[in-house]
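With mmCIF, C-alpha atoms and all ligand atoms inside, this is data39.cif:
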data_final
loop_
_atom_site.label_atom_id
_atom_site.label_comp_id
_atom_site.auth_asym_id
_atom_site.auth_seq_id
_atom_site.Cartn_x
_atom_site.Cartn_y
_atom_site.Cartn_z
CA MET A 10 0.00 0.00 0.00
CA SER A 11 1.61 3.28 -1.02
CA ALA A 12 1.65 6.51 0.94
CA ASP A 13 -0.69 8.05 -1.64
CA ALA A 14 -3.50 5.65 -0.83
CA ALA A 15 -4.12 7.27 2.62
CA PRO A 16 -7.06 5.01 3.39
CA THR A 17 -9.54 5.48 6.20
CA GLY A 18 -9.24 2.05 7.66
CA GLY A 19 -9.02 -0.89 5.27
CA ALA A 20 -5.23 -0.45 5.20
CA ASP A 21 -3.09 -3.45 5.92
CA ILE A 22 -0.60 -2.39 8.51
CA ASP A 23 1.90 -4.62 10.26
CA VAL A 24 1.15 -3.84 13.89
CA ALA A 25 -1.61 -2.14 15.90
CA VAL A 26 -0.27 -1.30 19.37
CA PHE A 27 -2.74 -0.67 22.21
CA GLY A 28 -1.56 1.43 25.18
CA GLY A 29 -0.15 4.94 25.43
CA GLY A 30 2.21 4.43 28.38
CA ILE A 31 5.96 3.82 28.18
CA ALA A 32 5.41 0.19 27.08
CA GLY A 33 3.22 0.95 24.07
CA LEU A 34 5.20 4.01 23.01
CA TRP A 35 8.64 2.46 23.30
CA LEU A 36 7.80 -0.69 21.43
CA ALA A 37 5.75 1.16 18.76
CA ARG A 38 8.75 3.43 18.13
CA THR A 39 11.16 0.50 18.03
CA LEU A 40 9.01 -1.32 15.47
CA GLN A 41 8.36 1.78 13.34
CA ASP A 42 12.04 2.77 13.34
CA PHE A 43 12.85 -0.74 12.13
CA GLY A 44 10.49 -0.23 9.20
CA TYR A 45 7.19 -1.80 10.20
CA SER A 46 3.94 0.10 9.67
CA VAL A 47 2.55 0.82 13.12
CA GLN A 48 -0.51 2.59 14.53
CA LEU A 49 -0.89 3.23 18.27
CA LEU A 50 -4.27 3.38 19.97
CA SER A 51 -4.51 4.89 23.43
CA LEU A 52 -7.44 5.06 25.82
CA GLY A 53 -7.00 8.71 26.84
CA ALA A 54 -3.90 10.88 27.00
CA LEU A 55 -0.43 9.40 26.60
CA GLY A 56 1.11 8.44 29.94
CA ALA A 57 -2.18 8.78 31.83
CA GLY A 58 -1.84 5.39 33.54
CA GLN A 59 1.20 4.65 35.69
CA THR A 60 3.80 6.26 33.45
CA LEU A 61 3.17 9.91 34.33
CA TRP A 62 3.48 8.92 37.99
CA ALA A 63 6.97 7.52 37.47
CA GLN A 64 9.80 9.38 39.15
CA GLY A 65 11.73 8.99 35.92
CA ILE A 66 14.75 7.25 37.45
CA VAL A 67 16.63 5.01 35.05
CA HIS A 68 17.91 2.57 37.66
CA GLY A 69 21.32 0.97 37.41
CA GLY A 70 20.57 -1.68 40.04
CA VAL A 71 22.60 -0.42 43.02
CA LYS A 72 19.40 0.43 44.93
CA TYR A 73 18.30 -3.20 44.66
CA LEU A 74 21.71 -4.56 45.65
CA LEU A 75 21.65 -2.36 48.76
CA SER A 76 18.45 -3.97 49.89
CA GLY A 77 20.28 -7.28 49.86
CA ARG A 78 18.86 -8.44 46.51
CA SER A 79 21.65 -9.82 44.39
CA ASP A 80 18.97 -11.08 42.08
CA PRO A 81 18.14 -10.89 38.38
CA MET A 82 16.61 -7.42 38.78
CA SER A 83 19.98 -5.91 39.67
CA GLU A 84 21.63 -7.76 36.79
CA ALA A 85 18.94 -6.71 34.30
CA LEU A 86 19.37 -3.10 35.35
CA TRP A 87 23.16 -3.00 35.42
CA LYS A 88 23.71 -1.81 31.84
CA LEU A 89 20.51 0.15 31.37
CA PRO A 90 21.68 3.70 32.26
CA GLU A 91 24.39 3.30 29.59
CA ARG A 92 21.81 2.01 27.10
CA TRP A 93 19.44 4.93 27.83
CA ARG A 94 22.31 7.41 27.37
CA GLU A 95 22.84 6.01 23.86
CA HIS A 96 19.19 6.73 23.02
CA LEU A 97 19.24 10.12 24.71
CA SER A 98 22.33 11.20 22.78
CA GLY A 99 20.68 10.15 19.50
CA ALA A 100 23.31 7.45 18.90
CA ARG A 101 20.77 4.64 18.97
CA SER A 102 17.23 4.11 17.72
CA PRO A 103 14.73 5.23 18.98
CA ASP A 104 16.50 8.59 18.87
CA LEU A 105 15.57 10.48 22.03
CA GLY A 106 17.92 13.37 21.35
CA GLY A 107 15.33 16.04 22.25
CA VAL A 108 14.25 14.47 25.55
CA ARG A 109 15.00 16.41 28.72
CA VAL A 110 17.30 14.73 31.21
CA ARG A 111 16.52 16.18 34.63
CA CYS A 112 19.65 14.82 36.25
CA ASP A 113 22.56 12.99 34.67
CA ALA A 114 23.57 11.25 37.89
CA CYS A 115 21.37 10.29 40.79
CA TYR A 116 22.84 10.39 44.32
CA LEU A 117 22.82 8.13 47.31
CA LEU A 118 23.02 9.72 50.74
CA SER A 119 24.07 7.43 53.54
CA SER A 120 23.37 8.71 57.07
CA SER A 121 26.39 9.74 59.07
CA ARG A 122 26.16 6.82 61.50
CA PRO A 123 29.05 4.34 61.12
CA TRP A 124 27.53 1.73 58.82
CA SER A 125 30.84 0.09 58.11
CA ARG A 126 29.38 -2.81 56.10
CA MET A 127 27.54 -0.36 53.93
CA ARG A 128 30.64 1.76 53.45
CA SER A 129 32.81 -1.15 52.46
CA PHE A 130 30.08 -2.43 50.14
CA LEU A 131 29.74 0.93 48.39
CA GLY A 132 33.49 1.26 48.10
CA GLY A 133 34.01 -2.37 47.13
CA ARG A 134 35.30 -3.83 43.88
CA MET A 135 31.88 -5.06 42.80
CA LEU A 136 30.64 -1.50 42.39
CA ALA A 137 33.89 -0.03 41.12
CA GLY A 138 33.16 2.58 38.46
CA ARG A 139 29.45 2.53 39.26
CA VAL A 140 29.42 4.32 42.60
CA GLU A 141 31.68 7.23 43.36
CA LYS A 142 32.02 8.85 46.76
CA LEU A 143 31.94 12.61 46.46
CA ALA A 144 34.08 14.97 48.50
CA ARG A 145 32.16 17.92 49.93
CA GLY A 146 33.47 20.28 47.25
CA GLU A 147 32.32 17.93 44.47
CA ARG A 148 28.74 17.75 45.67
CA PRO A 149 25.83 19.38 43.86
CA GLU A 150 24.96 22.77 45.33
CA ALA A 151 21.75 21.62 47.08
CA LEU A 152 23.52 18.76 48.91
CA ARG A 153 26.71 20.57 49.86
CA THR A 154 25.80 21.13 53.51
CA VAL A 155 23.96 17.89 54.37
CA SER A 156 25.77 15.50 56.68
CA GLY A 157 26.46 11.89 55.80
CA ALA A 158 28.39 10.32 52.95
CA LEU A 159 27.23 11.19 49.43
CA TYR A 160 27.75 8.79 46.52
CA GLN A 161 27.14 9.45 42.85
CA LEU A 162 25.39 6.64 40.97
CA GLN A 163 25.16 5.91 37.25
CA ASP A 164 21.36 6.23 37.43
CA LEU A 165 19.90 9.16 35.56
CA VAL A 166 16.53 10.88 35.79
CA VAL A 167 14.52 11.65 32.66
CA ASP A 168 11.67 14.13 32.46
CA VAL A 169 8.75 11.78 31.83
CA PRO A 170 6.41 14.17 29.91
CA SER A 171 9.34 15.10 27.67
CA LEU A 172 10.16 11.40 27.15
CA LEU A 173 6.56 10.66 26.13
CA ALA A 174 6.59 13.63 23.73
CA GLY A 175 9.90 12.51 22.19
CA LEU A 176 8.77 8.92 21.71
CA SER A 177 5.35 9.79 20.30
CA GLU A 178 6.33 12.62 17.97
CA PRO A 179 6.91 10.53 14.80
CA LEU A 180 4.15 8.00 15.62
CA SER A 181 0.47 7.90 14.63
CA CYS A 182 -1.17 7.89 18.07
CA TRP A 183 -4.98 7.87 18.20
CA ASN A 184 -7.07 8.68 21.25
CA ILE A 185 -9.87 6.11 21.18
CA GLU A 186 -11.50 7.27 24.43
CA GLY A 187 -15.31 7.36 24.24
CA ARG A 188 -15.45 5.27 21.05
CA PRO A 189 -16.68 1.68 21.01
CA LEU A 190 -13.88 -0.75 20.24
CA ASN A 191 -14.25 -4.12 18.56
CA LEU A 192 -11.64 -6.62 17.45
CA GLU A 193 -12.58 -8.87 14.56
CA ARG A 194 -10.47 -11.85 13.51
CA ARG A 195 -9.77 -11.83 9.77
CA GLU A 196 -7.60 -14.91 9.06
CA PRO A 197 -4.91 -13.84 8.69
CA GLY A 198 -4.77 -10.82 10.98
CA TRP A 199 -7.35 -8.61 12.59
CA CYS A 200 -9.71 -5.75 11.87
CA VAL A 201 -9.80 -3.14 14.62
CA HIS A 202 -13.11 -1.25 14.62
CA VAL A 203 -13.12 2.00 16.59
CA GLY A 204 -16.43 3.84 16.30
CA GLU A 205 -16.99 4.30 12.56
CA ALA A 206 -13.35 3.65 11.60
CA SER A 207 -11.64 0.35 10.82
CA LEU A 208 -8.02 -0.63 10.60
CA CYS A 209 -6.73 -3.97 9.33
CA THR A 210 -3.53 -5.27 10.80
CA ARG A 211 -1.38 -8.37 10.61
CA THR A 212 -0.73 -8.39 14.37
CA LEU A 213 -2.00 -6.88 17.60
CA VAL A 214 0.18 -5.83 20.53
CA PHE A 215 -1.52 -5.25 23.88
CA ALA A 216 0.69 -2.97 25.99
CA ALA A 217 -2.12 -1.36 27.97
CA ALA A 218 -1.26 -2.51 31.55
CA ALA A 219 -4.63 -3.12 33.30
CA GLY A 220 -6.32 -2.64 29.91
CA ASN A 221 -4.67 -5.84 28.64
CA ILE A 222 -7.35 -7.82 30.45
CA ASP A 223 -10.29 -6.15 28.63
CA LEU A 224 -8.42 -6.26 25.34
CA SER A 225 -7.75 -9.99 25.73
CA ASP A 226 -11.46 -10.46 26.42
CA LEU A 227 -12.35 -8.55 23.25
CA ALA A 228 -9.95 -10.70 21.23
CA GLY A 229 -11.33 -13.88 22.79
CA ILE A 230 -7.98 -14.98 24.24
CA ALA A 231 -7.15 -16.00 27.80
CA PRO A 232 -5.85 -12.98 29.77
CA THR A 233 -2.28 -13.08 31.11
CA PRO A 234 -2.39 -13.33 34.94
CA VAL A 235 -1.57 -9.97 36.52
CA GLN A 236 -0.83 -8.64 39.98
CA ARG A 237 -1.89 -5.25 41.31
CA ARG A 238 0.33 -3.52 43.85
CA PRO A 239 -1.36 -0.46 45.33
CA LEU A 240 1.12 2.27 46.25
CA ARG A 241 0.99 5.63 47.99
CA GLN A 242 3.26 8.35 46.70
CA ILE A 243 3.87 11.61 48.57
CA ILE A 244 3.97 14.90 46.69
CA VAL A 245 5.58 17.94 48.36
CA ARG A 246 4.82 21.24 46.67
CA SER A 247 6.68 24.54 47.06
CA PRO A 248 8.33 26.96 44.63
CA GLY A 249 11.31 26.97 47.01
CA LEU A 250 12.25 23.30 46.64
CA PRO A 251 15.73 22.76 45.16
CA GLU A 252 16.43 20.16 42.47
CA VAL A 253 17.29 17.00 44.39
CA TYR A 254 17.51 13.45 43.00
CA THR A 255 18.62 11.29 45.87
CA HIS A 256 18.12 7.92 47.54
CA CYS A 257 18.46 8.35 51.33
CA ILE A 258 19.75 5.28 53.14
CA GLY A 259 19.70 5.21 56.91
CA GLY A 260 18.75 1.71 57.93
CA GLY A 261 22.07 0.06 57.19
CA PHE A 262 22.78 -2.76 54.80
CA GLY A 263 19.80 -4.88 53.80
CA ALA A 264 17.29 -2.02 53.85
CA GLU A 265 15.61 -0.30 50.93
CA PRO A 266 16.09 3.48 50.72
CA GLU A 267 14.07 5.29 53.38
CA LEU A 268 13.35 8.05 50.92
CA THR A 269 13.86 8.47 47.20
CA ILE A 270 13.42 12.12 46.26
CA THR A 271 12.99 13.42 42.72
CA ALA A 272 12.20 16.98 41.64
CA HIS A 273 9.63 17.75 38.92
CA GLY A 274 8.17 20.83 37.32
CA SER A 275 9.71 24.24 37.82
CA GLY A 276 9.00 27.64 39.37
CA ALA A 277 5.59 27.81 41.04
CA GLU A 278 4.89 24.24 39.92
CA ARG A 279 7.99 22.70 41.51
CA VAL A 280 7.22 19.49 43.40
CA TRP A 281 9.17 16.70 44.99
CA SER A 282 7.92 13.18 44.52
CA LEU A 283 8.83 10.98 47.49
CA GLY A 284 9.17 7.21 47.18
CA GLY A 285 11.00 4.74 49.42
CA ALA A 286 10.02 2.96 52.63
CA ALA A 287 9.20 6.05 54.73
CA ALA A 288 6.91 7.49 52.03
CA THR A 289 5.06 4.33 51.08
CA ALA A 290 4.79 2.32 54.33
CA GLU A 291 1.58 0.34 54.67
CA GLY A 292 -0.67 0.36 57.75
CA LEU A 293 -0.38 4.10 58.45
CA SER A 294 -3.02 6.75 57.87
CA ASP A 295 -2.14 9.37 55.26
CA GLU A 296 -1.47 11.91 58.05
CA ALA A 297 0.84 9.50 59.89
CA LEU A 298 2.63 8.68 56.65
CA ILE A 299 3.24 12.37 55.95
CA GLY A 300 4.41 12.85 59.56
CA ARG A 301 6.92 10.05 59.20
CA ALA A 302 8.20 11.18 55.81
CA ARG A 303 8.52 14.79 57.08
CA GLU A 304 10.56 13.61 60.05
CA ARG A 305 12.90 11.48 57.89
CA LEU A 306 13.27 14.26 55.31
CA ALA A 307 14.21 16.75 58.04
CA ALA A 308 16.78 14.25 59.36
CA PHE A 309 18.40 13.57 55.98
CA LEU A 310 18.11 16.97 54.32
CA PRO A 311 17.68 19.54 57.11
CA GLY A 312 16.51 22.95 55.94
CA LEU A 313 15.93 22.00 52.30
CA CYS A 314 12.13 21.76 52.47
CA PRO A 315 10.41 25.10 53.30
CA PRO A 316 8.14 24.80 56.38
CA ASP A 317 5.13 26.10 54.41
CA ALA A 318 5.43 23.40 51.68
CA GLU A 319 2.16 21.57 50.93
CA TRP A 320 2.16 17.82 51.46
CA SER A 321 -0.30 15.37 49.92
CA VAL A 322 -0.64 11.62 49.54
CA HIS A 323 -1.72 10.05 46.24
CA ARG A 324 -2.77 6.56 45.35
CA VAL A 325 -1.67 4.69 42.29
CA VAL A 326 -1.89 1.01 41.47
CA ARG A 327 0.99 -0.74 39.76
CA VAL A 328 -0.34 -3.38 37.38
CA GLU A 329 2.24 -5.95 36.33
CA PRO A 330 2.48 -9.54 35.12
CA ASP A 331 1.97 -11.88 38.05
CA ALA A 332 5.18 -12.46 40.02
CA GLY A 333 3.56 -13.84 43.16
CA GLY A 334 3.42 -10.38 44.74
CA ALA A 335 7.17 -9.82 44.30
CA LEU A 336 8.74 -7.12 42.14
CA PRO A 337 8.87 -8.49 38.58
CA ASP A 338 12.52 -8.50 37.52
CA ARG A 339 12.22 -8.44 33.72
CA PRO A 340 9.88 -7.20 31.00
CA TYR A 341 7.12 -9.51 29.82
CA CYS A 342 6.57 -9.96 26.08
CA GLU A 343 4.83 -13.17 25.02
CA TRP A 344 2.48 -14.38 22.30
CA ALA A 345 -1.04 -15.05 23.62
CA SER A 346 -2.00 -16.44 20.20
CA ASP A 347 -0.32 -16.59 16.77
CA ASP A 348 -0.77 -12.88 16.16
CA VAL A 349 -1.44 -11.23 19.55
CA LEU A 350 1.56 -10.18 21.60
CA ILE A 351 1.15 -9.14 25.26
CA ALA A 352 3.68 -6.71 26.71
CA TRP A 353 4.59 -5.19 30.07
CA PRO A 354 7.81 -3.31 30.83
CA SER A 355 7.68 -4.00 34.63
CA LYS A 356 9.65 -0.75 35.12
CA LEU A 357 10.12 2.31 32.99
CA THR A 358 13.85 1.59 33.07
CA LEU A 359 13.29 -1.76 31.34
CA ALA A 360 11.43 -0.31 28.31
CA PRO A 361 14.43 -0.68 25.94
CA LEU A 362 14.62 -4.41 26.74
CA LEU A 363 10.88 -4.69 26.07
CA GLY A 364 11.43 -3.02 22.68
CA ASP A 365 14.18 -5.55 21.86
CA MET A 366 11.96 -8.47 22.85
CA ALA A 367 9.01 -7.19 20.78
CA LEU A 368 11.22 -6.63 17.73
CA GLU A 369 12.68 -10.10 18.02
CA ARG A 370 9.28 -11.79 18.35
CA LEU A 371 7.53 -9.73 15.67
CA GLY A 372 10.52 -10.01 13.36
CA LYS A 373 10.18 -13.80 13.41
CA ALA A 374 6.41 -13.61 12.81
CA LEU A 375 6.32 -10.86 10.18
CA GLY A 376 9.63 -11.18 8.40
CA GLU A 377 11.13 -8.13 6.70
CA PRO A 378 9.08 -4.91 6.83
CA THR A 379 7.13 -4.37 3.61
CA ALA A 380 4.70 -1.53 4.14
CA SER A 381 6.28 1.15 6.28
CA ASP A 382 4.83 4.06 4.28
CA VAL A 383 1.15 3.29 4.86
CA ARG A 384 -0.79 6.36 5.92
CA VAL A 385 -3.97 5.88 7.90
CA GLU A 386 -6.63 8.48 8.73
CA LEU A 387 -8.96 7.22 11.44
CA GLY A 388 -10.87 10.47 11.88
CA MET A 389 -10.35 10.76 15.60
CA PRO A 390 -8.14 12.99 17.77
CA ARG A 391 -4.42 12.41 18.02
CA ALA A 392 -3.51 11.24 21.53
CA SER A 393 -1.42 13.95 23.17
CA VAL A 394 0.82 13.74 26.22
CA GLY A 395 -1.16 13.99 29.48
CA ALA A 396 -0.46 16.53 32.21
CA PRO A 397 1.61 15.42 35.22
CA PRO A 398 -0.81 14.06 37.83
CA TRP A 399 0.36 16.34 40.65
CA LEU A 400 -0.72 19.53 38.84
CA ARG A 401 -3.81 21.21 40.30
CA GLU A 402 -6.98 21.33 38.14
CA ALA A 403 -6.28 24.86 36.84
CA GLU A 404 -2.64 24.04 36.11
CA ARG A 405 -3.68 20.87 34.30
CA ALA A 406 -6.11 22.80 32.14
CA ALA A 407 -3.37 25.28 31.23
CA ALA A 408 -0.74 22.56 30.59
C1 LIG B 1 4.68 6.18 41.82
C2 LIG B 1 5.48 5.40 40.81
C3 LIG B 1 6.80 5.74 40.56
C4 LIG B 1 7.55 5.01 39.63
N1 LIG B 1 8.83 5.39 39.39
C5 LIG B 1 9.57 4.68 38.51
C6 LIG B 1 10.91 5.07 38.24
O1 LIG B 1 11.41 6.09 38.74
N2 LIG B 1 11.65 4.30 37.39
C7 LIG B 1 11.13 3.19 36.79
O2 LIG B 1 11.87 2.51 36.07
N3 LIG B 1 9.84 2.82 36.99
C8 LIG B 1 9.05 3.54 37.82
N4 LIG B 1 7.75 3.19 38.03
C9 LIG B 1 7.18 2.06 37.27
C10 LIG B 1 6.69 2.55 35.89
O3 LIG B 1 5.99 3.78 36.02
C11 LIG B 1 5.77 1.52 35.25
O4 LIG B 1 6.40 0.25 35.22
C12 LIG B 1 5.43 1.89 33.80
O5 LIG B 1 5.02 3.24 33.71
C13 LIG B 1 4.32 0.99 33.27
O6 LIG B 1 4.08 1.41 31.94
P1 LIG B 1 2.93 0.79 31.07
O7 LIG B 1 3.00 1.44 29.74
O8 LIG B 1 2.97 -0.70 31.13
O9 LIG B 1 1.57 1.17 31.83
P2 LIG B 1 0.75 2.53 31.92
O10 LIG B 1 1.61 3.71 32.06
O11 LIG B 1 -0.28 2.30 32.97
O12 LIG B 1 0.07 2.66 30.50
C14 LIG B 1 -1.01 1.87 30.06
C15 LIG B 1 -1.75 2.68 29.02
O13 LIG B 1 -2.71 1.87 28.37
C16 LIG B 1 -3.87 2.63 28.16
N5 LIG B 1 -5.03 1.72 27.98
C17 LIG B 1 -5.72 1.07 28.92
N6 LIG B 1 -6.71 0.35 28.32
C18 LIG B 1 -6.59 0.54 27.00
C19 LIG B 1 -7.31 0.08 25.85
N7 LIG B 1 -8.36 -0.75 25.96
N8 LIG B 1 -6.92 0.49 24.64
C20 LIG B 1 -5.88 1.33 24.48
N9 LIG B 1 -5.17 1.81 25.53
C21 LIG B 1 -5.52 1.41 26.77
C22 LIG B 1 -3.97 3.49 29.41
O14 LIG B 1 -4.80 4.62 29.17
C23 LIG B 1 -2.50 3.87 29.61
O15 LIG B 1 -2.16 5.02 28.86
C24 LIG B 1 6.97 3.91 38.94
C25 LIG B 1 5.65 3.57 39.18
C26 LIG B 1 4.89 4.31 40.09
C27 LIG B 1 3.47 3.93 40.30
#
Represent the supplied structure as structure tokens.
Amino acid sequence: MSADAAPTGGADIDVAVFGGGIAGLWLARTLQDFGYSVQLLSLGALGAGQTLWAQGIVHGGVKYLLSGRSDPMSEALWKLPERWREHLSGARSPDLGGVRVRCDACYLLSSSRPWSRMRSFLGGRMLAGRVEKLARGERPEALRTVSGALYQLQDLVVDVPSLLAGLSEPLSCWNIEGRPLNLERREPGWCVHVGEASLCTRTLVFAAAAGNIDLSDLAGIAPTPVQRRPLRQIIVRSPGLPEVYTHCIGGGFGAEPELTITAHGSGAERVWSLGGAAATAEGLSDEALIGRARERLAAFLPGLCPPDAEWSVHRVVRVEPDAGGALPDRPYCEWASDDVLIAWPSKLTLAPLLGDMALERLGKALGEPTASDVRVELGMPRASVGAPPWLREAERAAA
């Protein structure tokens, strides 16, 4: 099908990807850059599920090793900051050259108490070249006066809205919200009916997190078992908050970070997003959780958070392939039938590995790309990047 045909539906494309989070966008870009014809369908704005909640940390695995997990997650993550830097510099496809990097190196602050095991671990041969202890004069401005040892990690922090914009820019992304969706088997392939429009495709990819269940139902295939992990995330809001991207470790070796702080937005919209044990602990009321996080923040970073900052607790549910309640340690990308691929990244950091897996599986099924110049007009709005979830109503409307 040539570019001139520009059909409304009826076109034979290679892949229809469902899901406008990091999973759908990364793998759609990977497949399109390789030459396949791809259309992405999103229920609502891009990123509006879990992705816009992400702190944007591209983990290198040290955080997981600190909590005593010398498991596959740490190994999977080891090389990922380097891999992301290749995309962010434009040296590797998908080219993310225009994406904003909020911080090129994340920090780890270890409380000043004498955790000798921790110190020797961080300074040990295993982490050589991956963790660097900073002298006071080498520290970033905001962390110059805090006490405790400060280490620089390979982890970087990307600006998530900018990442979503960079990935989606060359893609056809349709917002199917409010339109009835139907999936019709065609032998071979599928017809996707959205409202009045139709799109014929050789394969379907479901990368819609919780939406994968409904989509599997529509396609008449057994849904992949999932787990839901509810999470509370604390947002601190004040124009006076400095840019800080730091894991705070106080509990000694074997503990997860007490706080993981990332800065987002700017000026009057500056917020900190707080993750880590003290910000997400279960069994506490929201007020008690804020009280605990405030106390730990004041202990680790005294004076950095203005006393009149606004604190709020937000709820978000992580939806992942079933790992028996544990943290999944790799992306999931498996055929549910001959021509329906189910995908989950498990972490934003792991999206490039998900892209590789999807390309490998679809490459075997589809062979060489043949129709990369198909243009499709579905007569519905383009899906645009959603507003960060911590913005107030008025700010969201203006975003
Ligand atoms: C608070 C928090 C902080 C995090 N921080 C980090 C971090 O710093 N680093 C990191 O590596 N990971 C982090 N994560 C994990 C990361 O955010 C998720 O693993 C990742 O965003 C999941 O992406 P996804 O595309 O699978 O899902 P989602 O982002 O949930 O996207 C699914 C998309 O599918 C769409 N959809 C649903 N149904 C349909 C349908 N029927 N048709 C079409 N589209 C549909 C939804 O609208 C949504 O846009 C964090 C997670 C949370 C909750």
Item to check | Shell around A:Arg92 at 12 Å using only C-alpha atoms, local window under 2 positions removed, as a PyMOL selection string | outcome: chain A and resi 67-69+85-90+94-105+163-165+358-362+365
Would you mind listing, for every residue of chain A within 7 Å of ligand LIG 1 (chain B), the two atoms forming the shortest contact and the distance between them in Å to one decimal, using all atoms listed in the file, sorted by chain and ascending residue number, as a Markdown table?
| residue | atom | partner | partner_atom | distance |
| --- | --- | --- | --- | --- |
| A:Phe27 | CA | B:LIG1 | C20 | 4.4 |
| A:Gly28 | CA | B:LIG1 | O13 | 3.4 |
| A:Gly29 | CA | B:LIG1 | O15 | 4.0 |
| A:Gly30 | CA | B:LIG1 | O7 | 3.4 |
| A:Ile31 | CA | B:LIG1 | O7 | 4.1 |
| A:Ala32 | CA | B:LIG1 | O7 | 3.8 |
| A:Gly33 | CA | B:LIG1 | O7 | 5.7 |
| A:Leu50 | CA | B:LIG1 | C20 | 5.2 |
| A:Ser51 | CA | B:LIG1 | N9 | 3.8 |
| A:Leu52 | CA | B:LIG1 | N9 | 4.0 |
| A:Gly53 | CA | B:LIG1 | O14 | 5.2 |
| A:Ala54 | CA | B:LIG1 | O15 | 6.4 |
| A:Leu55 | CA | B:LIG1 | O15 | 5.2 |
| A:Gly56 | CA | B:LIG1 | O15 | 4.9 |
| A:Ala57 | CA | B:LIG1 | O15 | 4.8 |
| A:Gly58 | CA | B:LIG1 | O11 | 3.5 |
| A:Gln59 | CA | B:LIG1 | O10 | 3.8 |
| A:Thr60 | CA | B:LIG1 | O5 | 3.3 |
| A:Leu61 | CA | B:LIG1 | O10 | 6.8 |
| A:Trp62 | CA | B:LIG1 | C1 | 4.9 |
| A:Ala63 | CA | B:LIG1 | C4 | 3.4 |
| A:Gln64 | CA | B:LIG1 | O1 | 3.7 |
| A:Gly65 | CA | B:LIG1 | O1 | 4.1 |
| A:Ile66 | CA | B:LIG1 | O1 | 3.8 |
| A:Val67 | CA | B:LIG1 | O2 | 5.5 |
| A:His68 | CA | B:LIG1 | O2 | 6.2 |
| A:Ala216 | CA | B:LIG1 | O8 | 6.1 |
| A:Ala217 | CA | B:LIG1 | O13 | 3.3 |
| A:Ala218 | CA | B:LIG1 | O8 | 4.6 |
| A:Ala219 | CA | B:LIG1 | C17 | 6.2 |
| A:Gly220 | CA | B:LIG1 | N6 | 3.4 |
| A:Asn221 | CA | B:LIG1 | N6 | 6.5 |
| A:Asp223 | CA | B:LIG1 | N7 | 6.3 |
| A:Leu224 | CA | B:LIG1 | N7 | 5.5 |
| A:Leu240 | CA | B:LIG1 | C27 | 6.6 |
| A:Gln242 | CA | B:LIG1 | C1 | 5.5 |
| A:Val325 | CA | B:LIG1 | C27 | 5.6 |
| A:Val326 | CA | B:LIG1 | C27 | 6.2 |
| A:Arg327 | CA | B:LIG1 | C27 | 5.3 |
| A:Trp353 | CA | B:LIG1 | O8 | 4.9 |
| A:Pro354 | CA | B:LIG1 | O8 | 5.5 |
| A:Ser355 | CA | B:LIG1 | O4 | 4.5 |
| A:Lys356 | CA | B:LIG1 | O4 | 3.4 |
| A:Leu357 | CA | B:LIG1 | O2 | 3.5 |
| A:Thr358 | CA | B:LIG1 | O2 | 3.7 |
| A:Leu359 | CA | B:LIG1 | O2 | 6.5 |
Keeping C-alpha atoms for every residue in the selection just given, could you write it to a file as a short mmCIF file (atom, residue, chain, number, x, y, z; two decimals), in the frame of the given file?
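Result file follows (result-v5.cif):
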data_model
loop_
_atom_site.label_atom_id
_atom_site.label_comp_id
_atom_site.auth_asym_id
_atom_site.auth_seq_id
_atom_site.Cartn_x
_atom_site.Cartn_y
_atom_site.Cartn_z
CA PHE A 27 -2.74 -0.67 22.21
CA GLY A 28 -1.56 1.43 25.18
CA GLY A 29 -0.15 4.94 25.43
CA GLY A 30 2.21 4.43 28.38
CA ILE A 31 5.96 3.82 28.18
CA ALA A 32 5.41 0.19 27.08
CA GLY A 33 3.22 0.95 24.07
CA LEU A 50 -4.27 3.38 19.97
CA SER A 51 -4.51 4.89 23.43
CA LEU A 52 -7.44 5.06 25.82
CA GLY A 53 -7.00 8.71 26.84
CA ALA A 54 -3.90 10.88 27.00
CA LEU A 55 -0.43 9.40 26.60
CA GLY A 56 1.11 8.44 29.94
CA ALA A 57 -2.18 8.78 31.83
CA GLY A 58 -1.84 5.39 33.54
CA GLN A 59 1.20 4.65 35.69
CA THR A 60 3.80 6.26 33.45
CA LEU A 61 3.17 9.91 34.33
CA TRP A 62 3.48 8.92 37.99
CA ALA A 63 6.97 7.52 37.47
CA GLN A 64 9.80 9.38 39.15
CA GLY A 65 11.73 8.99 35.92
CA ILE A 66 14.75 7.25 37.45
CA VAL A 67 16.63 5.01 35.05
CA HIS A 68 17.91 2.57 37.66
CA ALA A 216 0.69 -2.97 25.99
CA ALA A 217 -2.12 -1.36 27.97
CA ALA A 218 -1.26 -2.51 31.55
CA ALA A 219 -4.63 -3.12 33.30
CA GLY A 220 -6.32 -2.64 29.91
CA ASN A 221 -4.67 -5.84 28.64
CA ASP A 223 -10.29 -6.15 28.63
CA LEU A 224 -8.42 -6.26 25.34
CA LEU A 240 1.12 2.27 46.25
CA GLN A 242 3.26 8.35 46.70
CA VAL A 325 -1.67 4.69 42.29
CA VAL A 326 -1.89 1.01 41.47
CA ARG A 327 0.99 -0.74 39.76
CA TRP A 353 4.59 -5.19 30.07
CA PRO A 354 7.81 -3.31 30.83
CA SER A 355 7.68 -4.00 34.63
CA LYS A 356 9.65 -0.75 35.12
CA LEU A 357 10.12 2.31 32.99
CA THR A 358 13.85 1.59 33.07
CA LEU A 359 13.29 -1.76 31.34
#
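The space separating atom CA of A:Met389 from atom CA of A:Leu180 comes to 14.8 Å.
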